[in-house]
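Right, one structure below, let's go through it.
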Amino acid sequence: MSTVTITEVLDDLRVADEITRRFERRYWLSSADFHKLYSQGLLDDGEHTEDFAVWAAYYEIKRDRENDLEQLSGERMRLFNSQVQEGIVVITPPEPVLTA
């Protein structure tokens with residue numbers, strides 16, 4: 001069983017976002033639209049194969065980490081909602097982790 005901290009999730013998201021933004025600027029296309037074309041095998045004859053493989057990989061990392069962040073945040077919100085019933089919400093600094 002492995003764990004993933006929110007710091008790791010946010011660091012991975014930052015890197016993946018920076019890399020996908022570079023490709024979006026280079027090819028004038030959103031990563032989501034690019035990935036649709038890429039997944040369907042509709043892109044060029046191979047001239048940009050390496051770029052496209054890297055772009056697709058980082059886009060998938062970004063989506064996975066966004067899902068991880070939503071899961072971690074959802075768990076924290078459930079905790080906060082239970083605290084609201086007690087009158088206040090206490091946000092503490094201990095780092096949340098996902099166990100996979």
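Chain labels A, B, ... are given in the sequence in which chains occur in the structure tokens; within each chain residues are numbered consecutively from 1, and ligands are likewise numbered from 1 in the order shown.
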
Using only C-alpha atoms, what does the table of region 56-90 of chain A residues within 12 Å of region 28-41 of chain A look like, with each row giving the shortest atom pair and its distance in Å to one decimal, sorted by chain and ascending number, as a tab-separated table?
residue	atom	partner	partner_atom	distance
A:Ala56	CA	A:His35	CA	6.2
A:Ala57	CA	A:His35	CA	9.7
A:Tyr58	CA	A:Ser31	CA	9.5
A:Tyr59	CA	A:Ser31	CA	6.6
A:Glu60	CA	A:His35	CA	8.8
A:Ile61	CA	A:Ser31	CA	11.9
A:Lys62	CA	A:Ser31	CA	10.1
A:Arg63	CA	A:Ala32	CA	9.8

Chain A: residues DSSP assigns to strand (DSSP E), reported as a list of chain:residue names: A:Thr3, A:Val4, A:Thr5, A:Val97, A:Leu98, A:Thr99

Residues within 12 Å of Leu79 (chain A), only C-alpha atoms, excluding chain neighbours under 2 positions, as a short mmCIF file (atom, residue, chain, number, x, y, z; two decimals) with N, CA and C atoms, in the first residue's frame:
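So the final result, stored in result_15.cif, reads:
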data_model
loop_
_atom_site.label_atom_id
_atom_site.label_comp_id
_atom_site.auth_asym_id
_atom_site.auth_seq_id
_atom_site.Cartn_x
_atom_site.Cartn_y
_atom_site.Cartn_z
N LEU A 72 -8.86 14.28 -1.75
CA LEU A 72 -8.32 14.78 -0.48
C LEU A 72 -9.16 15.93 0.07
N SER A 73 -9.52 16.84 -0.80
CA SER A 73 -10.32 17.98 -0.37
C SER A 73 -11.70 17.53 0.11
N GLY A 74 -12.28 16.57 -0.59
CA GLY A 74 -13.59 16.04 -0.17
C GLY A 74 -13.54 15.41 1.21
N GLU A 75 -12.44 14.69 1.47
CA GLU A 75 -12.28 14.09 2.80
C GLU A 75 -12.17 15.17 3.87
N ARG A 76 -11.42 16.23 3.57
CA ARG A 76 -11.29 17.33 4.53
C ARG A 76 -12.64 18.02 4.74
N MET A 77 -13.40 18.21 3.66
CA MET A 77 -14.71 18.87 3.79
C MET A 77 -15.67 18.04 4.63
N ASN A 81 -17.42 19.49 7.81
CA ASN A 81 -18.88 19.47 7.97
C ASN A 81 -19.28 18.86 9.30
N SER A 82 -18.55 17.85 9.75
CA SER A 82 -18.87 17.28 11.06
C SER A 82 -18.53 18.27 12.18
N GLN A 83 -17.51 19.09 11.97
CA GLN A 83 -17.13 20.09 12.97
C GLN A 83 -18.16 21.23 13.03
N VAL A 84 -18.76 21.54 11.89
CA VAL A 84 -19.75 22.62 11.86
C VAL A 84 -20.88 22.31 12.83
N GLN A 85 -21.23 21.05 12.95
CA GLN A 85 -22.29 20.66 13.87
C GLN A 85 -21.90 20.96 15.31
N GLU A 86 -20.59 21.06 15.55
CA GLU A 86 -20.11 21.40 16.89
C GLU A 86 -19.93 22.90 17.06
N ILE A 88 -17.84 25.21 15.19
CA ILE A 88 -16.75 25.86 14.47
C ILE A 88 -16.01 24.84 13.61
N VAL A 89 -15.29 25.37 12.64
CA VAL A 89 -14.45 24.53 11.79
C VAL A 89 -13.00 24.82 12.15
N VAL A 90 -12.25 23.78 12.44
CA VAL A 90 -10.85 23.94 12.78
C VAL A 90 -10.02 23.38 11.63
N ILE A 91 -9.26 24.26 10.98
CA ILE A 91 -8.37 23.82 9.90
C ILE A 91 -6.98 23.74 10.50
N THR A 92 -6.44 22.52 10.53
CA THR A 92 -5.12 22.30 11.11
C THR A 92 -4.11 22.00 10.02
N PRO A 96 -2.81 16.07 4.79
CA PRO A 96 -3.63 14.92 4.47
C PRO A 96 -2.90 14.02 3.46
#

Nearest to Trp55 (chain A), chosen from A:Glu8, A:Arg22, A:Leu98, A:Leu43, with only C-alpha atoms counted in the distances: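 The answer is A:Arg22, which sits nearest to Trp55 (chain A).
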
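The interatomic distance for the pair CA of Thr49 (chain A) and CA of Arg25 (chain A) works out to 17.1 Å.
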
Distance in Å - CA of Arg65 (chain A) versus CA of Phe80 (chain A):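 Computing it gives 22.2 Å between the two atoms.
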
Quick one: residues within 12 Å of Thr99 (chain A), only C-alpha atoms counted, chain neighbours fewer than 5 positions away excluded, as a tab-separated table (two decimals) with N, CA and C atoms, in the first residue's frame?
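Saved the output as selection_11.tsv:
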chain	number	residue	atom	x	y	z
A	1	MET	N	0.85	-1.18	0.00
A	1	MET	CA	0.00	0.00	0.00
A	1	MET	C	0.90	1.24	0.00
A	2	SER	N	0.55	2.22	-0.82
A	2	SER	CA	1.34	3.44	-0.87
A	2	SER	C	0.48	4.63	-0.46
A	3	THR	N	1.16	5.69	-0.05
A	3	THR	CA	0.45	6.91	0.32
A	3	THR	C	0.93	8.05	-0.57
A	4	VAL	N	0.06	9.01	-0.75
A	4	VAL	CA	0.36	10.20	-1.53
A	4	VAL	C	-0.03	11.40	-0.69
A	5	THR	N	0.90	12.30	-0.50
A	5	THR	CA	0.59	13.50	0.29
A	5	THR	C	0.03	14.59	-0.61
A	6	ILE	N	-0.64	15.53	0.01
A	6	ILE	CA	-1.18	16.64	-0.76
A	6	ILE	C	-0.05	17.48	-1.36
A	68	ASP	N	-7.05	13.27	-7.50
A	68	ASP	CA	-6.52	13.05	-6.15
A	68	ASP	C	-6.79	14.25	-5.25
A	71	GLN	N	-10.33	14.31	-4.18
A	71	GLN	CA	-10.58	13.29	-3.16
A	71	GLN	C	-10.09	13.76	-1.79
A	72	LEU	N	-8.86	14.28	-1.75
A	72	LEU	CA	-8.32	14.78	-0.48
A	72	LEU	C	-9.16	15.93	0.07

DSSP-assigned alpha helix (DSSP H) among chain A, expressed as a ChimeraX atom specification: /A:6-27,31-39,49-84

Can you spit out the residues from that selection as a short mmCIF file (atom, residue, chain, number, x, y, z; two decimals), in the first residue's frame, using C-alpha atoms?
data_model
loop_
_atom_site.label_atom_id
_atom_site.label_comp_id
_atom_site.auth_asym_id
_atom_site.auth_seq_id
_atom_site.Cartn_x
_atom_site.Cartn_y
_atom_site.Cartn_z
CA ILE A 6 -1.18 16.64 -0.76
CA THR A 7 2.24 18.26 -1.24
CA GLU A 8 3.15 15.58 -3.78
CA VAL A 9 -0.20 16.02 -5.51
CA LEU A 10 0.22 19.81 -5.72
CA ASP A 11 3.85 19.55 -6.89
CA ASP A 12 2.88 17.08 -9.62
CA LEU A 13 -0.01 19.33 -10.65
CA ARG A 14 2.27 22.36 -10.91
CA VAL A 15 4.78 20.54 -13.12
CA ALA A 16 2.10 18.94 -15.29
CA ASP A 17 0.33 22.27 -15.70
CA GLU A 18 3.54 24.06 -16.72
CA ILE A 19 4.37 21.41 -19.31
CA THR A 20 0.87 21.16 -20.77
CA ARG A 21 0.68 24.98 -21.00
CA ARG A 22 3.91 25.00 -23.04
CA PHE A 23 2.39 22.56 -25.52
CA GLU A 24 -0.88 24.51 -25.62
CA ARG A 25 1.07 27.65 -26.56
CA ARG A 26 3.18 25.80 -29.12
CA TYR A 27 0.27 24.09 -30.89
CA SER A 31 -4.84 19.94 -23.74
CA ALA A 32 -8.35 18.47 -23.48
CA ASP A 33 -8.98 18.94 -27.22
CA PHE A 34 -5.50 17.67 -28.07
CA HIS A 35 -6.07 14.57 -25.96
CA LYS A 36 -9.34 13.79 -27.75
CA LEU A 37 -7.53 13.86 -31.10
CA TYR A 38 -4.54 11.95 -29.72
CA SER A 39 -6.71 9.23 -28.17
CA THR A 49 5.23 12.01 -32.18
CA GLU A 50 7.62 12.68 -29.29
CA ASP A 51 5.95 16.00 -28.38
CA PHE A 52 2.53 14.41 -28.51
CA ALA A 53 3.53 11.44 -26.34
CA VAL A 54 4.96 13.77 -23.67
CA TRP A 55 1.96 16.10 -23.87
CA ALA A 56 -0.49 13.21 -23.52
CA ALA A 57 1.42 11.76 -20.56
CA TYR A 58 1.51 15.04 -18.66
CA TYR A 59 -2.14 15.75 -19.44
CA GLU A 60 -3.04 12.35 -17.97
CA ILE A 61 -0.88 13.03 -14.90
CA LYS A 62 -2.65 16.37 -14.50
CA ARG A 63 -6.09 14.76 -14.67
CA ASP A 64 -5.11 12.02 -12.21
CA ARG A 65 -3.69 14.51 -9.74
CA GLU A 66 -6.73 16.78 -10.05
CA ASN A 67 -8.84 13.75 -9.10
CA ASP A 68 -6.52 13.05 -6.15
CA LEU A 69 -6.82 16.66 -5.01
CA GLU A 70 -10.62 16.48 -5.22
CA GLN A 71 -10.58 13.29 -3.16
CA LEU A 72 -8.32 14.78 -0.48
CA SER A 73 -10.32 17.98 -0.37
CA GLY A 74 -13.59 16.04 -0.17
CA GLU A 75 -12.28 14.09 2.80
CA ARG A 76 -11.29 17.33 4.53
CA MET A 77 -14.71 18.87 3.79
CA ARG A 78 -16.47 15.86 5.34
CA LEU A 79 -14.38 16.42 8.46
CA PHE A 80 -15.17 20.14 8.44
CA ASN A 81 -18.88 19.47 7.97
CA SER A 82 -18.87 17.28 11.06
CA GLN A 83 -17.13 20.09 12.97
CA VAL A 84 -19.75 22.62 11.86
#
